[in-house]
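Visitor: The structure that follows is given in the form of structure tokens.
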Amino acid sequence: MPNLPDVVLWSIPAFVLLTVVEMVSYRLHPDEDAEGYEAKDAATSVGMGLGSLVFDFLWKIPILAIYTAVYELTPLHVPVLWWTVPLMLLGQDFFYYWSHRGHHVIRVLWACHVVHHSSRKFNFTTALRQPWTSLTVWPFYVPLIAAGVHPAALAFCSSANLVYQFWIHTERIDKMPRWFEFVFNTPSHHRVHHASQGGYLDRNFGGILIVWDRLFGSFAPETERPVYGLTKNIDTYNLVKVATHEYVSIARDLKAARSWRERAGRVFMGPGWGPAPAPLATAMATATATATATATAKASGTAPARPTESAPSRPSDSVPPPPTDPTTAATTPAGESTSA
């Protein structure tokens, strides 16, 4: 197995330089429509990134053992050659798409990935805001190892994917050329992914390529200014809370759950999932609301208002169709609703 470069390590000077350039650009040319930088937020993102290096090193020990076992058992072995590396990158990007999408629609996986979306800013330091519990990612790449990709080659491809995604975390780049926007992930596409509006939720999961989103119905173009962060923001810069807050919420919901079915739903359904109210309870609540409205109307001499249904706990529970980009409407598949 040839020695492959550690692209993340080699890219650190570029990360630092680009971040400084972006900070200076906001000083010299402020943009009222952009989120820019905020000291505590940027420090939290950098702290989460440094912490992820430590925890990722620990998680790699059992993951490498599993990957090595699978690689030794498979009869397939893909050599690392000039023409096989691009194919490995393509395969890794494909499985990254499904890993990323899975980490949005399954709550226990979202508890890991939510860290990356917890900032209300969108700049190069946001790219560094990485989770400390990435142990949930490895199963998605087992098919690549079983197909004969060496674990070291997979690590190289994953690192290259991560490095590519650094530059797309910015508001200082508007749109790339049309052909580039159609094939590759760009700042415009990734701003949509980090937005918390209902029409933007659960869109644009691609790493290097955006074609997977176009093929599998999760693409949305940027048509309005994104609002970054979570549908329910956490309002903390405490690194431990940022890393664990969704796990704490899951534990709280499990403690309050009334059945094993509800417990399973709280873990494996989408982040906005909740058990449907019992018919009797719904009827009693409606009757109570109606009686209250009638009594109030009689007292005030006005017609009683009809009771309304409660809103979903997350906008993603009733996501409207994604905005349509008139320049790509003929080639973009319709979006499909998922939970964020």
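Just so we're on the same page: first chain in the structure tokens is A, next is B, and so on; residues restart at 1 for each chain, and ligands are numbered from 1 in the order they show up.
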Find the spatial neighbours of region 182-187 of chain A, counting only C-alpha atoms, within a cut-off of 10 Å - ignore same-chain residues fewer than 3 positions away - and output them as a ChimeraX atom specification.
Guide: /A:122,164-179,190-193,204-214,222,328,331-332
Visitor: Report as a tab-separated table the residues of region 121-176 of chain A within 8 Å of region 90-96 of chain A, each with its shortest atom pair and distance in Å (one decimal), using only C-alpha atoms, ordered by chain and increasing residue number.
Guide:
residue	atom	partner	partner_atom	distance
A:Phe140	CA	A:Phe95	CA	6.3
A:Tyr141	CA	A:Phe95	CA	6.4
A:Leu144	CA	A:Gly91	CA	7.3
A:Leu154	CA	A:Gln92	CA	7.2
A:Cys157	CA	A:Gln92	CA	6.5
A:Ser158	CA	A:Gln92	CA	6.8
A:Asn161	CA	A:Asp93	CA	7.2
Visitor: Would you mind listing what lies within 9 Å of region 103-105 of chain A as a PDB file with all heavy atoms, in the first residue's frame, with only C-alpha atoms counted and same-chain residues fewer than 2 positions away left out?
Guide:
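Result saved to around21.pdb:
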ATOM      1  N   TRP A  98     -25.053   9.670   1.059  1.00  0.00           N
ATOM      2  CA  TRP A  98     -26.031   8.900   1.822  1.00  0.00           C
ATOM      3  C   TRP A  98     -25.754   8.968   3.319  1.00  0.00           C
ATOM      4  O   TRP A  98     -26.680   8.980   4.134  1.00  0.00           O
ATOM      5  CB  TRP A  98     -26.063   7.457   1.323  1.00  0.00           C
ATOM      6  CG  TRP A  98     -26.674   7.376  -0.039  1.00  0.00           C
ATOM      7  CD1 TRP A  98     -26.045   7.110  -1.218  1.00  0.00           C
ATOM      8  CD2 TRP A  98     -28.051   7.623  -0.363  1.00  0.00           C
ATOM      9  NE1 TRP A  98     -26.944   7.164  -2.263  1.00  0.00           N
ATOM     10  CE2 TRP A  98     -28.176   7.468  -1.776  1.00  0.00           C
ATOM     11  CE3 TRP A  98     -29.184   7.944   0.385  1.00  0.00           C
ATOM     12  CZ2 TRP A  98     -29.391   7.637  -2.435  1.00  0.00           C
ATOM     13  CZ3 TRP A  98     -30.398   8.112  -0.281  1.00  0.00           C
ATOM     14  CH2 TRP A  98     -30.488   7.957  -1.668  1.00  0.00           C
ATOM     15  N   SER A  99     -24.488   9.036   3.689  1.00  0.00           N
ATOM     16  CA  SER A  99     -24.153   9.224   5.099  1.00  0.00           C
ATOM     17  C   SER A  99     -24.674  10.569   5.590  1.00  0.00           C
ATOM     18  O   SER A  99     -25.307  10.665   6.651  1.00  0.00           O
ATOM     19  CB  SER A  99     -22.641   9.144   5.302  1.00  0.00           C
ATOM     20  OG  SER A  99     -22.278   9.519   6.616  1.00  0.00           O
ATOM     21  N   HIS A 100     -24.433  11.605   4.817  1.00  0.00           N
ATOM     22  CA  HIS A 100     -24.862  12.950   5.183  1.00  0.00           C
ATOM     23  C   HIS A 100     -26.382  13.032   5.264  1.00  0.00           C
ATOM     24  O   HIS A 100     -26.944  13.597   6.213  1.00  0.00           O
ATOM     25  CB  HIS A 100     -24.318  13.936   4.150  1.00  0.00           C
ATOM     26  CG  HIS A 100     -24.378  15.361   4.579  1.00  0.00           C
ATOM     27  ND1 HIS A 100     -23.941  16.391   3.772  1.00  0.00           N
ATOM     28  CD2 HIS A 100     -24.818  15.953   5.727  1.00  0.00           C
ATOM     29  CE1 HIS A 100     -24.112  17.538   4.404  1.00  0.00           C
ATOM     30  NE2 HIS A 100     -24.651  17.297   5.584  1.00  0.00           N
ATOM     31  N   ARG A 101     -27.039  12.444   4.280  1.00  0.00           N
ATOM     32  CA  ARG A 101     -28.502  12.458   4.281  1.00  0.00           C
ATOM     33  C   ARG A 101     -29.053  11.672   5.463  1.00  0.00           C
ATOM     34  O   ARG A 101     -30.001  12.094   6.125  1.00  0.00           O
ATOM     35  CB  ARG A 101     -29.033  11.890   2.961  1.00  0.00           C
ATOM     36  CG  ARG A 101     -30.528  12.030   2.784  1.00  0.00           C
ATOM     37  CD  ARG A 101     -30.945  11.762   1.345  1.00  0.00           C
ATOM     38  NE  ARG A 101     -32.382  11.903   1.168  1.00  0.00           N
ATOM     39  CZ  ARG A 101     -33.000  11.964  -0.006  1.00  0.00           C
ATOM     40  NH1 ARG A 101     -32.290  11.898  -1.125  1.00  0.00           N
ATOM     41  NH2 ARG A 101     -34.314  12.094  -0.075  1.00  0.00           N
ATOM     42  N   ARG A 107     -32.673  10.553  13.960  1.00  0.00           N
ATOM     43  CA  ARG A 107     -32.357  11.480  15.046  1.00  0.00           C
ATOM     44  C   ARG A 107     -31.067  11.148  15.778  1.00  0.00           C
ATOM     45  O   ARG A 107     -30.300  12.044  16.119  1.00  0.00           O
ATOM     46  CB  ARG A 107     -33.521  11.534  16.043  1.00  0.00           C
ATOM     47  CG  ARG A 107     -33.348  12.667  17.052  1.00  0.00           C
ATOM     48  CD  ARG A 107     -34.466  12.696  18.071  1.00  0.00           C
ATOM     49  NE  ARG A 107     -34.296  13.807  18.996  1.00  0.00           N
ATOM     50  CZ  ARG A 107     -35.007  13.956  20.094  1.00  0.00           C
ATOM     51  NH1 ARG A 107     -35.956  13.076  20.405  1.00  0.00           N
ATOM     52  NH2 ARG A 107     -34.785  14.993  20.904  1.00  0.00           N
ATOM     53  N   VAL A 108     -30.806   9.864  16.040  1.00  0.00           N
ATOM     54  CA  VAL A 108     -29.591   9.530  16.771  1.00  0.00           C
ATOM     55  C   VAL A 108     -28.346   9.877  15.954  1.00  0.00           C
ATOM     56  O   VAL A 108     -27.286  10.195  16.521  1.00  0.00           O
ATOM     57  CB  VAL A 108     -29.591   8.039  17.182  1.00  0.00           C
ATOM     58  CG1 VAL A 108     -29.436   7.121  15.966  1.00  0.00           C
ATOM     59  CG2 VAL A 108     -28.518   7.758  18.221  1.00  0.00           C
ATOM     60  N   LEU A 109     -28.458   9.860  14.631  1.00  0.00           N
ATOM     61  CA  LEU A 109     -27.355  10.301  13.780  1.00  0.00           C
ATOM     62  C   LEU A 109     -27.302  11.826  13.711  1.00  0.00           C
ATOM     63  O   LEU A 109     -26.222  12.422  13.701  1.00  0.00           O
ATOM     64  CB  LEU A 109     -27.495   9.710  12.372  1.00  0.00           C
ATOM     65  CG  LEU A 109     -27.555   8.183  12.265  1.00  0.00           C
ATOM     66  CD1 LEU A 109     -27.576   7.748  10.798  1.00  0.00           C
ATOM     67  CD2 LEU A 109     -26.390   7.540  12.993  1.00  0.00           C
ATOM     68  N   TRP A 110     -28.462  12.444  13.686  1.00  0.00           N
ATOM     69  CA  TRP A 110     -28.537  13.903  13.703  1.00  0.00           C
ATOM     70  C   TRP A 110     -27.900  14.469  14.975  1.00  0.00           C
ATOM     71  O   TRP A 110     -27.298  15.546  14.958  1.00  0.00           O
ATOM     72  CB  TRP A 110     -29.981  14.347  13.595  1.00  0.00           C
ATOM     73  CG  TRP A 110     -30.238  15.808  13.798  1.00  0.00           C
ATOM     74  CD1 TRP A 110     -30.939  16.390  14.811  1.00  0.00           C
ATOM     75  CD2 TRP A 110     -29.829  16.890  12.937  1.00  0.00           C
ATOM     76  NE1 TRP A 110     -30.982  17.756  14.653  1.00  0.00           N
ATOM     77  CE2 TRP A 110     -30.300  18.086  13.504  1.00  0.00           C
ATOM     78  CE3 TRP A 110     -29.087  16.948  11.749  1.00  0.00           C
ATOM     79  CZ2 TRP A 110     -30.080  19.340  12.931  1.00  0.00           C
ATOM     80  CZ3 TRP A 110     -28.862  18.198  11.178  1.00  0.00           C
ATOM     81  CH2 TRP A 110     -29.343  19.363  11.766  1.00  0.00           C
ATOM     82  N   ALA A 111     -27.990  13.735  16.079  1.00  0.00           N
ATOM     83  CA  ALA A 111     -27.377  14.185  17.325  1.00  0.00           C
ATOM     84  C   ALA A 111     -25.877  14.385  17.158  1.00  0.00           C
ATOM     85  O   ALA A 111     -25.273  15.228  17.838  1.00  0.00           O
ATOM     86  CB  ALA A 111     -27.652  13.173  18.440  1.00  0.00           C
ATOM     87  N   CYS A 112     -25.264  13.630  16.265  1.00  0.00           N
ATOM     88  CA  CYS A 112     -23.846  13.823  15.941  1.00  0.00           C
ATOM     89  C   CYS A 112     -23.677  15.029  15.020  1.00  0.00           C
ATOM     90  O   CYS A 112     -22.915  15.955  15.313  1.00  0.00           O
ATOM     91  CB  CYS A 112     -23.278  12.560  15.286  1.00  0.00           C
ATOM     92  SG  CYS A 112     -21.719  12.785  14.389  1.00  0.00           S
ATOM     93  N   HIS A 113     -24.421  15.058  13.934  1.00  0.00           N
ATOM     94  CA  HIS A 113     -24.194  16.043  12.874  1.00  0.00           C
ATOM     95  C   HIS A 113     -24.721  17.434  13.215  1.00  0.00           C
ATOM     96  O   HIS A 113     -24.266  18.432  12.644  1.00  0.00           O
ATOM     97  CB  HIS A 113     -24.847  15.543  11.578  1.00  0.00           C
ATOM     98  CG  HIS A 113     -24.577  16.411  10.396  1.00  0.00           C
ATOM     99  ND1 HIS A 113     -23.311  16.636   9.897  1.00  0.00           N
ATOM    100  CD2 HIS A 113     -25.423  17.120   9.597  1.00  0.00           C
ATOM    101  CE1 HIS A 113     -23.382  17.434   8.841  1.00  0.00           C
ATOM    102  NE2 HIS A 113     -24.649  17.752   8.648  1.00  0.00           N
ATOM    103  N   VAL A 114     -25.666  17.531  14.144  1.00  0.00           N
ATOM    104  CA  VAL A 114     -26.275  18.819  14.482  1.00  0.00           C
ATOM    105  C   VAL A 114     -25.232  19.843  14.900  1.00  0.00           C
ATOM    106  O   VAL A 114     -25.425  21.052  14.740  1.00  0.00           O
ATOM    107  CB  VAL A 114     -27.335  18.633  15.592  1.00  0.00           C
ATOM    108  CG1 VAL A 114     -26.684  18.225  16.905  1.00  0.00           C
ATOM    109  CG2 VAL A 114     -28.150  19.905  15.794  1.00  0.00           C
ATOM    110  N   THR A 136     -20.602   7.368  14.360  1.00  0.00           N
ATOM    111  CA  THR A 136     -21.805   6.937  13.640  1.00  0.00           C
ATOM    112  C   THR A 136     -21.623   6.920  12.125  1.00  0.00           C
ATOM    113  O   THR A 136     -22.527   6.487  11.404  1.00  0.00           O
ATOM    114  CB  THR A 136     -22.984   7.856  13.985  1.00  0.00           C
ATOM    115  OG1 THR A 136     -22.635   9.206  13.634  1.00  0.00           O
ATOM    116  CG2 THR A 136     -23.311   7.793  15.472  1.00  0.00           C
ATOM    117  N   VAL A 137     -20.471   7.376  11.630  1.00  0.00           N
ATOM    118  CA  VAL A 137     -20.297   7.546  10.186  1.00  0.00           C
ATOM    119  C   VAL A 137     -19.816   6.277   9.497  1.00  0.00           C
ATOM    120  O   VAL A 137     -20.182   5.997   8.348  1.00  0.00           O
ATOM    121  CB  VAL A 137     -19.311   8.709   9.919  1.00  0.00           C
ATOM    122  CG1 VAL A 137     -18.973   8.802   8.433  1.00  0.00           C
ATOM    123  CG2 VAL A 137     -19.899  10.025  10.417  1.00  0.00           C
ATOM    124  N   ASP A 202     -33.092  20.053   4.713  1.00  0.00           N
ATOM    125  CA  ASP A 202     -32.836  18.735   4.125  1.00  0.00           C
ATOM    126  C   ASP A 202     -32.600  18.811   2.622  1.00  0.00           C
ATOM    127  O   ASP A 202     -33.159  18.034   1.851  1.00  0.00           O
ATOM    128  CB  ASP A 202     -33.983  17.777   4.429  1.00  0.00           C
ATOM    129  CG  ASP A 202     -34.147  17.536   5.909  1.00  0.00           C
ATOM    130  OD1 ASP A 202     -33.158  17.675   6.644  1.00  0.00           O
ATOM    131  OD2 ASP A 202     -35.267  17.241   6.335  1.00  0.00           O
ATOM    132  N   PHE A 268     -34.897   6.702  16.362  1.00  0.00           N
ATOM    133  CA  PHE A 268     -34.642   6.334  14.971  1.00  0.00           C
ATOM    134  C   PHE A 268     -35.486   7.071  13.943  1.00  0.00           C
ATOM    135  O   PHE A 268     -35.203   6.979  12.744  1.00  0.00           O
ATOM    136  CB  PHE A 268     -34.841   4.823  14.787  1.00  0.00           C
ATOM    137  CG  PHE A 268     -33.903   3.999  15.622  1.00  0.00           C
ATOM    138  CD1 PHE A 268     -34.363   3.267  16.711  1.00  0.00           C
ATOM    139  CD2 PHE A 268     -32.544   3.970  15.330  1.00  0.00           C
ATOM    140  CE1 PHE A 268     -33.500   2.509  17.486  1.00  0.00           C
ATOM    141  CE2 PHE A 268     -31.669   3.220  16.099  1.00  0.00           C
ATOM    142  CZ  PHE A 268     -32.145   2.491  17.181  1.00  0.00           C
ATOM    143  N   MET A 269     -36.518   7.797  14.371  1.00  0.00           N
ATOM    144  CA  MET A 269     -37.273   8.610  13.416  1.00  0.00           C
ATOM    145  C   MET A 269     -36.572   9.952  13.240  1.00  0.00           C
ATOM    146  O   MET A 269     -35.499  10.179  13.777  1.00  0.00           O
ATOM    147  CB  MET A 269     -38.709   8.784  13.908  1.00  0.00           C
ATOM    148  CG  MET A 269     -39.484   7.479  14.014  1.00  0.00           C
ATOM    149  SD  MET A 269     -39.686   6.634  12.422  1.00  0.00           S
ATOM    150  CE  MET A 269     -40.914   7.684  11.651  1.00  0.00           C
ATOM    151  N   GLY A 270     -37.195  10.859  12.504  1.00  0.00           N
ATOM    152  CA  GLY A 270     -36.582  12.155  12.247  1.00  0.00           C
ATOM    153  C   GLY A 270     -36.522  13.022  13.488  1.00  0.00           C
ATOM    154  O   GLY A 270     -37.231  12.779  14.479  1.00  0.00           O
ATOM    155  N   PRO A 271     -35.690  14.063  13.479  1.00  0.00           N
ATOM    156  CA  PRO A 271     -35.557  14.930  14.646  1.00  0.00           C
ATOM    157  C   PRO A 271     -36.857  15.588  15.085  1.00  0.00           C
ATOM    158  O   PRO A 271     -37.028  15.888  16.261  1.00  0.00           O
ATOM    159  CB  PRO A 271     -34.544  15.988  14.180  1.00  0.00           C
ATOM    160  CG  PRO A 271     -33.768  15.322  13.114  1.00  0.00           C
ATOM    161  CD  PRO A 271     -34.721  14.407  12.415  1.00  0.00           C
ATOM    162  N   THR A 338     -38.016  15.395   3.616  1.00  0.00           N
ATOM    163  CA  THR A 338     -37.410  14.593   4.663  1.00  0.00           C
ATOM    164  C   THR A 338     -37.394  15.415   5.915  1.00  0.00           C
ATOM    165  O   THR A 338     -37.825  16.552   5.931  1.00  0.00           O
ATOM    166  CB  THR A 338     -35.980  14.182   4.283  1.00  0.00           C
ATOM    167  OG1 THR A 338     -35.215  15.369   4.045  1.00  0.00           O
ATOM    168  CG2 THR A 338     -35.938  13.293   3.058  1.00  0.00           C
ATOM    169  N   SER A 339     -36.857  14.872   7.016  1.00  0.00           N
ATOM    170  CA  SER A 339     -36.783  15.615   8.262  1.00  0.00           C
ATOM    171  C   SER A 339     -35.376  16.075   8.487  1.00  0.00           C
ATOM    172  O   SER A 339     -34.425  15.402   8.141  1.00  0.00           O
ATOM    173  CB  SER A 339     -37.218  14.719   9.432  1.00  0.00           C
ATOM    174  OG  SER A 339     -38.523  14.293   9.263  1.00  0.00           O
ATOM    175  N   ALA A 340     -35.196  17.251   9.085  1.00  0.00           N
ATOM    176  CA  ALA A 340     -33.864  17.761   9.367  1.00  0.00           C
ATOM    177  C   ALA A 340     -33.557  17.625  10.831  1.00  0.00           C
ATOM    178  O   ALA A 340     -34.436  17.659  11.652  1.00  0.00           O
ATOM    179  CB  ALA A 340     -33.761  19.218   8.953  1.00  0.00           C
TER     180      ALA A 340
END
Visitor: Nearest to Val46 (chain A): which of A:Ala146, A:Val16, A:Ala152, A:Ala69 is it, counting only C-alpha atoms?
Guide: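 That would be A:Val16, the residue with the smallest distance to Val46 (chain A).
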Visitor: DSSP on the backbone: what in region 91-260 of chain A comes out strand (DSSP E or B), as a list in words?
Guide: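 Selection result, strand (DSSP E or B) within region 91-260 of chain A: Phe184, Ala195, Leu209 and Tyr228 of chain A.
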Visitor: Please identify all polymer residues within 8 Å of region 49-60 of chain A, counting only C-alpha atoms, omitting same-chain residues fewer than 6 positions from it, and present them as a PDB file with N, CA, C and O atoms, in the first residue's frame.
Guide:
ATOM      1  N   LEU A 128     -15.046  24.405  10.370  1.00  0.00           N
ATOM      2  CA  LEU A 128     -14.258  23.721  11.396  1.00  0.00           C
ATOM      3  C   LEU A 128     -15.120  23.202  12.540  1.00  0.00           C
ATOM      4  O   LEU A 128     -14.631  22.434  13.369  1.00  0.00           O
ATOM      5  N   ARG A 129     -16.374  23.602  12.601  1.00  0.00           N
ATOM      6  CA  ARG A 129     -17.266  23.183  13.690  1.00  0.00           C
ATOM      7  C   ARG A 129     -17.706  21.740  13.445  1.00  0.00           C
ATOM      8  O   ARG A 129     -18.762  21.462  12.883  1.00  0.00           O
ATOM      9  N   GLN A 130     -16.893  20.812  13.895  1.00  0.00           N
ATOM     10  CA  GLN A 130     -17.094  19.396  13.626  1.00  0.00           C
ATOM     11  C   GLN A 130     -17.515  18.649  14.899  1.00  0.00           C
ATOM     12  O   GLN A 130     -17.168  19.050  16.011  1.00  0.00           O
ATOM     13  N   PRO A 131     -18.258  17.554  14.752  1.00  0.00           N
ATOM     14  CA  PRO A 131     -18.738  16.795  15.927  1.00  0.00           C
ATOM     15  C   PRO A 131     -17.627  16.015  16.603  1.00  0.00           C
ATOM     16  O   PRO A 131     -16.581  15.742  16.009  1.00  0.00           O
ATOM     17  N   TRP A 132     -17.885  15.647  17.836  1.00  0.00           N
ATOM     18  CA  TRP A 132     -16.957  14.825  18.610  1.00  0.00           C
ATOM     19  C   TRP A 132     -17.403  13.373  18.679  1.00  0.00           C
ATOM     20  O   TRP A 132     -16.763  12.552  19.315  1.00  0.00           O
ATOM     21  N   THR A 133     -18.519  13.046  18.042  1.00  0.00           N
ATOM     22  CA  THR A 133     -19.088  11.692  18.146  1.00  0.00           C
ATOM     23  C   THR A 133     -19.254  11.072  16.768  1.00  0.00           C
ATOM     24  O   THR A 133     -20.285  10.467  16.466  1.00  0.00           O
ATOM     25  N   SER A 134     -18.253  11.211  15.916  1.00  0.00           N
ATOM     26  CA  SER A 134     -18.348  10.752  14.525  1.00  0.00           C
ATOM     27  C   SER A 134     -18.271   9.237  14.381  1.00  0.00           C
ATOM     28  O   SER A 134     -18.120   8.733  13.263  1.00  0.00           O
ATOM     29  N   LEU A 135     -18.406   8.515  15.463  1.00  0.00           N
ATOM     30  CA  LEU A 135     -18.414   7.053  15.408  1.00  0.00           C
ATOM     31  C   LEU A 135     -19.603   6.519  14.608  1.00  0.00           C
ATOM     32  O   LEU A 135     -19.629   5.355  14.211  1.00  0.00           O
TER      33      LEU A 135
END
Visitor: Separation of CA of Leu4 (chain A) and CA of Trp82 (chain A), in Å?
Guide: 12.2 Å
